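Notes for the one structure printed next.
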Amino acid sequence: MTKGGMESVEVFTSEGKGRGLKAQKEFLPGDVIFAEPAYAAVVFDSLTHVICHTCFKRQERLHRCGQCKFAYYCDRTCQRAAWLNHKNECSAIRKHGKAPTENIRLAARIMWKIEREGSGLAEGCLVSIDDLQNHVDSFDEEEKKELRADVESFLEFWPPQSQQFGMQYISHIFGVINCNGFTLSDQRGLQAVGVGIFPNLCQANHDCWPNCTVIFNNGNHEAVRSMFHTQMRIELRALSKISPGDELTVSYVDFLNVSEERRKQLKKQYYFDCACEHCKKQIKDNLMLAVKEGESKPSAETVKEVIQFSKDTLEKINKARMEGLYHEVVKLCRECLKKQEPVLGDTNIYLLRILSIASEVLSYLQMFEEAADYAKRMVDGYLKIYHPNNAQLGMAVMRAGVTHWHAGLIEAGHGLICKAYAILLITHGPSHPITKDLEVMRVQTEMELRMFQQNEFMYYKMREAALKNQKIQVMPEPSNETSPSLFHKKE
């Protein structure tokens, strides 16, 4: 079964997993297997005025829709491209008096599209919206209560002159959003900014060690007059060599968790028991729970105490980060590392989590030397755990490279930036804004490294002057979440 640009994949019935996607030809790492525009997508409630509602880029100055005063766009091109999907929404918001929540807005956009085009196969889609999984039957009491509230709010917002849908069908759409909503990120890929439905992507099954990755691409603003200007889409990219007939898999959760935890998370959010090789054989669990080797191996009791201390500290850190108390975060990280270092191994996930937070927050506070030391240890641990072509690994290595550059450690900084570039070329592709940023950094650090090798004294003199009109970005304020997860789950 193939359709519009989807010739290289087919839908098949996967044993014990329901539908899945299979490759029809060979793919190599970095190949785009398919690109898919959103069936429907919305910006998160908290960001509606700072993110373009068409291409999901974060912009300084946005144009506001003059009629509903709710939607914002980069420019007229984005605004024109949005009109087909915004027209009904615009008039409903004005009649309703205010915009409803993101979940209601997304359901309404899906319904208006069904009203326009019918609920059968949309162009380029391998499955229809009606055929997507909703898992409503698996909802617990709390989820059912939320669903009822969503359906009520939807009916208040939905205009009487639009096509009317039955309660069961509306519940199906909310169920689809609940388990298939895909997280959309800003152009730097660092912040989750919205949620969309991509029917073809929904067919890809989960594997904790997948052969594909999904990247959100916001289109190309330099191509003002072309269709690519606002053509935001997801790209399914190969991470390793894929042969014809192989199942295409993606990971719904971050790998940096022991198999039991990943399975719990997948069961709770996506209602299935993961039976992938890594979960069945608990591959890498021993690394993630590693303890210090050597003469005096810590006792099981000590390890248990330190892990409990780490969990408690992570809760305190989250609270301090929410309140913007970054110096308090650093203090908590240092105390925790002091307890962890004699007991936990270099790849222990509790140690790696603290190292990651410490390096990010210290960079933000411009304490680059200490941050670089922690970032290096974090990357060394990640390299032993993650798949070599993992997007999160690439982003972490990039962050560590920039931190080393800021600390004046040009050789290590350049090495890390080159390593990150090699990973992101595969996971994001050469035209993604992040990869382009990284290419600029790679060229700049290569030039600086040559200068450093020729004359160290002159290099530091010039660096001092250059830092006054800095080219490489200052670190963004630490976010309160890890990098955006693949599928958006309503909390």
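Chain labels A, B, ... are given in the sequence in which chains occur in the structure tokens; within each chain residues are numbered consecutively from 1, and ligands are likewise numbered from 1 in the order shown.
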Alpha helix (DSSP H) call set, DSSP backbone run, region 160-285 of chain A, as a compact mmCIF listing (two decimals) with C-alpha atoms, in the first residue's frame:
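Output (part03.txt):
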```txt
# COMPACT_ATOMS: atom_id res chain seq x y z
CA MET A 167 -20.00 11.85 21.14
CA GLN A 168 -18.27 8.56 20.33
CA TYR A 169 -16.49 10.03 17.31
CA ILE A 170 -15.38 13.13 19.25
CA SER A 171 -14.03 10.81 21.98
CA HIS A 172 -12.15 8.86 19.27
CA ILE A 173 -10.46 12.07 18.06
CA PHE A 174 -9.38 13.00 21.61
CA GLY A 175 -8.09 9.45 22.11
CA VAL A 176 -6.07 9.75 18.89
CA ILE A 177 -4.57 13.06 20.09
CA ASN A 178 -3.83 11.53 23.48
CA CYS A 179 -1.71 8.68 22.14
CA ASN A 180 -0.53 9.93 18.75
CA SER A 259 14.57 -1.27 30.83
CA GLU A 260 12.05 -1.71 33.67
CA GLU A 261 11.50 2.07 33.89
CA ARG A 262 11.18 2.44 30.11
CA ARG A 263 8.63 -0.39 30.03
CA LYS A 264 6.60 1.23 32.84
CA GLN A 265 6.61 4.56 31.00
CA LEU A 266 5.56 2.96 27.70
CA LYS A 267 2.76 0.99 29.39
CA LYS A 268 1.45 4.08 31.18
CA GLN A 269 1.62 6.45 28.18
CA TYR A 270 1.12 4.18 25.16
CA GLU A 277 15.58 -6.91 22.36
CA HIS A 278 17.03 -4.27 24.73
CA CYS A 279 14.14 -4.65 27.20
CA LYS A 280 13.96 -8.45 27.02
CA ASP A 285 21.06 -1.87 32.33
```
* To do: Show which residues sit within 6 Å of Val329 (chain A), as an MDAnalysis selection string. Count only C-alpha atoms, and ignore same-chain residues fewer than 3 positions away.
  => chainID A and resid 317 326 332
Store the residues picked out above, limited to C-alpha atoms, as a PDB file, in the first residue's frame.
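Wrote it out as part-v3.pdb, contents follow:
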```pdb
ATOM      1  CA  ILE A 317      16.729  20.615  41.905  1.00  0.00           C
ATOM      2  CA  TYR A 326      20.237  28.593  39.682  1.00  0.00           C
ATOM      3  CA  LEU A 332      22.658  20.866  45.258  1.00  0.00           C
TER       4      LEU A 332
END
```
* Neighbour list for Trp209 (chain A) as a list in words, cut-off 9 Å, only C-alpha atoms, skip fewer than 5 positions in-chain ->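 What passes the distance filter is Thr249, Val250, Ser251, Phe255, Cys276, Glu277, His278, Tyr386 and His387 of chain A.
Close contacts of Met395 (chain A), defined as residues with an atom at most 9 Å away when counting only C-alpha atoms, with chain neighbours fewer than 5 positions off set aside, comprise A:Leu190, A:Asn390, A:Ala400, A:Ala420, A:Ile423, A:Leu424, A:Ser483.
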Written selection (C-alpha atoms) as a PDB file, in the first residue's frame:
```pdb
ATOM      1  CA  LEU A 190      15.549  22.871  22.073  1.00  0.00           C
ATOM      2  CA  ASN A 390      21.158   9.318  18.571  1.00  0.00           C
ATOM      3  CA  ALA A 400      29.519  20.219  25.641  1.00  0.00           C
ATOM      4  CA  ALA A 420      28.312  16.494  17.244  1.00  0.00           C
ATOM      5  CA  ILE A 423      25.934  12.783  14.481  1.00  0.00           C
ATOM      6  CA  LEU A 424      23.530  15.603  13.545  1.00  0.00           C
ATOM      7  CA  SER A 483      14.853  17.843  25.248  1.00  0.00           C
TER       8      SER A 483
END
```
* Asked: If you run DSSP on the backbone, which residues of region 148-323 of chain A are strand (DSSP E), as a PyMOL selection string?
  -> chain A and resi 182-185+192-197+205-206+212-217+233-238+247-250
* Find, counting only C-alpha atoms, the residue in A:Ala412, A:Val258, A:Ala275, A:Leu352 that gets nearest to Lys17 (chain A). =>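 That would be A:Ala275, the residue with the smallest distance to Lys17 (chain A).
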Closest-contact table, region 148-201 of chain A side, partner region 83-91 of chain A, 12 Å, counting only C-alpha atoms, as a tab-separated table:
```
residue	atom	partner	partner_atom	distance
A:Phe157	CA	A:Glu89	CA	9.6
A:Trp158	CA	A:Glu89	CA	9.3
A:Pro159	CA	A:Asn88	CA	8.9
A:Pro160	CA	A:Asn88	CA	12.0
A:Gln161	CA	A:Asn88	CA	10.6
A:Ser162	CA	A:Asn88	CA	8.9
A:Gln163	CA	A:Asn88	CA	11.8
```
With N, CA and C atoms retained, export the selected residues as a PDB file, in the first residue's frame.
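The new file selection_3.pdb reads:
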```
ATOM      1  N   PHE A 157     -17.329  24.982  22.289  1.00  0.00           N
ATOM      2  CA  PHE A 157     -16.571  25.772  21.312  1.00  0.00           C
ATOM      3  C   PHE A 157     -17.054  25.534  19.876  1.00  0.00           C
ATOM      4  N   TRP A 158     -17.486  24.313  19.587  1.00  0.00           N
ATOM      5  CA  TRP A 158     -17.789  23.912  18.206  1.00  0.00           C
ATOM      6  C   TRP A 158     -19.023  24.651  17.665  1.00  0.00           C
ATOM      7  N   PRO A 159     -18.900  25.359  16.539  1.00  0.00           N
ATOM      8  CA  PRO A 159     -20.017  26.184  16.039  1.00  0.00           C
ATOM      9  C   PRO A 159     -21.214  25.341  15.575  1.00  0.00           C
ATOM     10  N   PRO A 160     -22.438  25.823  15.824  1.00  0.00           N
ATOM     11  CA  PRO A 160     -23.639  25.056  15.440  1.00  0.00           C
ATOM     12  C   PRO A 160     -23.755  24.887  13.924  1.00  0.00           C
ATOM     13  N   GLN A 161     -23.179  25.847  13.137  1.00  0.00           N
ATOM     14  CA  GLN A 161     -23.314  25.727  11.675  1.00  0.00           C
ATOM     15  C   GLN A 161     -22.307  24.750  11.057  1.00  0.00           C
ATOM     16  N   SER A 162     -21.312  24.302  11.855  1.00  0.00           N
ATOM     17  CA  SER A 162     -20.355  23.309  11.342  1.00  0.00           C
ATOM     18  C   SER A 162     -20.977  21.912  11.411  1.00  0.00           C
ATOM     19  N   GLN A 163     -20.381  20.961  10.669  1.00  0.00           N
ATOM     20  CA  GLN A 163     -20.885  19.568  10.689  1.00  0.00           C
ATOM     21  C   GLN A 163     -20.891  19.050  12.128  1.00  0.00           C
TER      22      GLN A 163
END
```
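Among the candidate residues A:Gly124, A:Gly30, A:Gly324, A:Gly97, the one lying nearest to Ala391 (chain A) is A:Gly30, with distances computed using only C-alpha atoms.
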* **Length of the CA of Ser243 (chain A) to CA of Lys22 (chain A) vector [Å]** =>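 CA of Ser243 (chain A) sits 9.6 Å away from CA of Lys22 (chain A).
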* region 300-315 of chain A: which residues within 9 Å, counting only C-alpha atoms, same-chain residues fewer than 2 positions away excluded, as number ranges by chain? -> A: 291, 298, 317-320, 332-333, 336-337, 339-340, 343-344, 350-351, 353-354
Kindly save the residues from that selection, with N, CA, C and O atoms included, as a PDB file, in the first residue's frame.
```pdb
ATOM      1  N   VAL A 291      28.373   0.619  39.527  1.00  0.00           N
ATOM      2  CA  VAL A 291      28.952   1.161  40.764  1.00  0.00           C
ATOM      3  C   VAL A 291      30.473   1.177  40.610  1.00  0.00           C
ATOM      4  O   VAL A 291      31.029   0.518  39.736  1.00  0.00           O
ATOM      5  N   PRO A 298      31.730  -0.498  46.973  1.00  0.00           N
ATOM      6  CA  PRO A 298      30.715  -0.078  47.958  1.00  0.00           C
ATOM      7  C   PRO A 298      29.686  -1.184  48.210  1.00  0.00           C
ATOM      8  O   PRO A 298      29.360  -1.965  47.305  1.00  0.00           O
ATOM      9  N   ILE A 317      16.188  19.862  43.048  1.00  0.00           N
ATOM     10  CA  ILE A 317      16.729  20.615  41.905  1.00  0.00           C
ATOM     11  C   ILE A 317      15.590  21.111  41.013  1.00  0.00           C
ATOM     12  O   ILE A 317      15.564  22.270  40.596  1.00  0.00           O
ATOM     13  N   ASN A 318      14.622  20.215  40.739  1.00  0.00           N
ATOM     14  CA  ASN A 318      13.482  20.614  39.895  1.00  0.00           C
ATOM     15  C   ASN A 318      12.747  21.795  40.487  1.00  0.00           C
ATOM     16  O   ASN A 318      12.379  22.730  39.781  1.00  0.00           O
ATOM     17  N   LYS A 319      12.564  21.754  41.811  1.00  0.00           N
ATOM     18  CA  LYS A 319      11.851  22.836  42.498  1.00  0.00           C
ATOM     19  C   LYS A 319      12.650  24.152  42.372  1.00  0.00           C
ATOM     20  O   LYS A 319      12.108  25.192  42.019  1.00  0.00           O
ATOM     21  N   ALA A 320      13.964  24.058  42.610  1.00  0.00           N
ATOM     22  CA  ALA A 320      14.816  25.261  42.530  1.00  0.00           C
ATOM     23  C   ALA A 320      14.865  25.815  41.102  1.00  0.00           C
ATOM     24  O   ALA A 320      14.857  27.032  40.896  1.00  0.00           O
ATOM     25  N   LEU A 332      23.233  22.213  45.111  1.00  0.00           N
ATOM     26  CA  LEU A 332      22.658  20.866  45.258  1.00  0.00           C
ATOM     27  C   LEU A 332      23.417  19.847  44.405  1.00  0.00           C
ATOM     28  O   LEU A 332      23.677  18.725  44.842  1.00  0.00           O
ATOM     29  N   CYS A 333      23.791  20.240  43.179  1.00  0.00           N
ATOM     30  CA  CYS A 333      24.542  19.334  42.283  1.00  0.00           C
ATOM     31  C   CYS A 333      25.903  18.984  42.884  1.00  0.00           C
ATOM     32  O   CYS A 333      26.299  17.814  42.892  1.00  0.00           O
ATOM     33  N   CYS A 336      25.554  16.594  45.764  1.00  0.00           N
ATOM     34  CA  CYS A 336      25.159  15.268  45.301  1.00  0.00           C
ATOM     35  C   CYS A 336      26.360  14.547  44.657  1.00  0.00           C
ATOM     36  O   CYS A 336      26.586  13.364  44.914  1.00  0.00           O
ATOM     37  N   LEU A 337      27.130  15.280  43.843  1.00  0.00           N
ATOM     38  CA  LEU A 337      28.300  14.674  43.181  1.00  0.00           C
ATOM     39  C   LEU A 337      29.314  14.178  44.215  1.00  0.00           C
ATOM     40  O   LEU A 337      29.934  13.134  44.047  1.00  0.00           O
ATOM     41  N   LYS A 339      28.696  12.960  47.084  1.00  0.00           N
ATOM     42  CA  LYS A 339      28.211  11.677  47.615  1.00  0.00           C
ATOM     43  C   LYS A 339      28.296  10.572  46.554  1.00  0.00           C
ATOM     44  O   LYS A 339      28.563   9.415  46.861  1.00  0.00           O
ATOM     45  N   GLN A 340      28.018  10.945  45.274  1.00  0.00           N
ATOM     46  CA  GLN A 340      27.956   9.936  44.203  1.00  0.00           C
ATOM     47  C   GLN A 340      29.329   9.419  43.784  1.00  0.00           C
ATOM     48  O   GLN A 340      29.501   8.227  43.514  1.00  0.00           O
ATOM     49  N   VAL A 343      30.965   6.246  44.968  1.00  0.00           N
ATOM     50  CA  VAL A 343      30.084   5.068  44.995  1.00  0.00           C
ATOM     51  C   VAL A 343      29.595   4.623  43.603  1.00  0.00           C
ATOM     52  O   VAL A 343      29.577   3.438  43.289  1.00  0.00           O
ATOM     53  N   LEU A 344      29.201   5.583  42.763  1.00  0.00           N
ATOM     54  CA  LEU A 344      28.582   5.233  41.477  1.00  0.00           C
ATOM     55  C   LEU A 344      29.600   5.213  40.335  1.00  0.00           C
ATOM     56  O   LEU A 344      30.533   6.017  40.308  1.00  0.00           O
ATOM     57  N   TYR A 350      22.149   8.068  37.410  1.00  0.00           N
ATOM     58  CA  TYR A 350      21.906   9.094  38.439  1.00  0.00           C
ATOM     59  C   TYR A 350      23.067  10.087  38.465  1.00  0.00           C
ATOM     60  O   TYR A 350      22.865  11.297  38.635  1.00  0.00           O
ATOM     61  N   LEU A 351      24.278   9.597  38.276  1.00  0.00           N
ATOM     62  CA  LEU A 351      25.449  10.483  38.189  1.00  0.00           C
ATOM     63  C   LEU A 351      25.354  11.328  36.911  1.00  0.00           C
ATOM     64  O   LEU A 351      25.567  12.547  36.936  1.00  0.00           O
ATOM     65  N   ARG A 353      22.727  12.245  35.213  1.00  0.00           N
ATOM     66  CA  ARG A 353      21.672  13.277  35.277  1.00  0.00           C
ATOM     67  C   ARG A 353      22.169  14.517  36.016  1.00  0.00           C
ATOM     68  O   ARG A 353      21.893  15.639  35.607  1.00  0.00           O
ATOM     69  N   ILE A 354      22.882  14.289  37.106  1.00  0.00           N
ATOM     70  CA  ILE A 354      23.408  15.431  37.877  1.00  0.00           C
ATOM     71  C   ILE A 354      24.479  16.165  37.068  1.00  0.00           C
ATOM     72  O   ILE A 354      24.502  17.398  37.025  1.00  0.00           O
TER      73      ILE A 354
END
```
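Distance check against Leu425 (chain A) using only C-alpha atoms: of A:Glu143, A:Val32, A:Val42, A:Val253, the minimum falls on A:Val32.
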* Could you pull the residues within 10 Å of region 51-54 of chain A, counting only C-alpha atoms, minus those fewer than 4 positions along the same chain, as an NGL selection string? -> :A and (41-44 or 46-47 or 58-64 or 70-75 or 77-83 or 85-86 or 186 or 193-194 or 218 or 230-232)
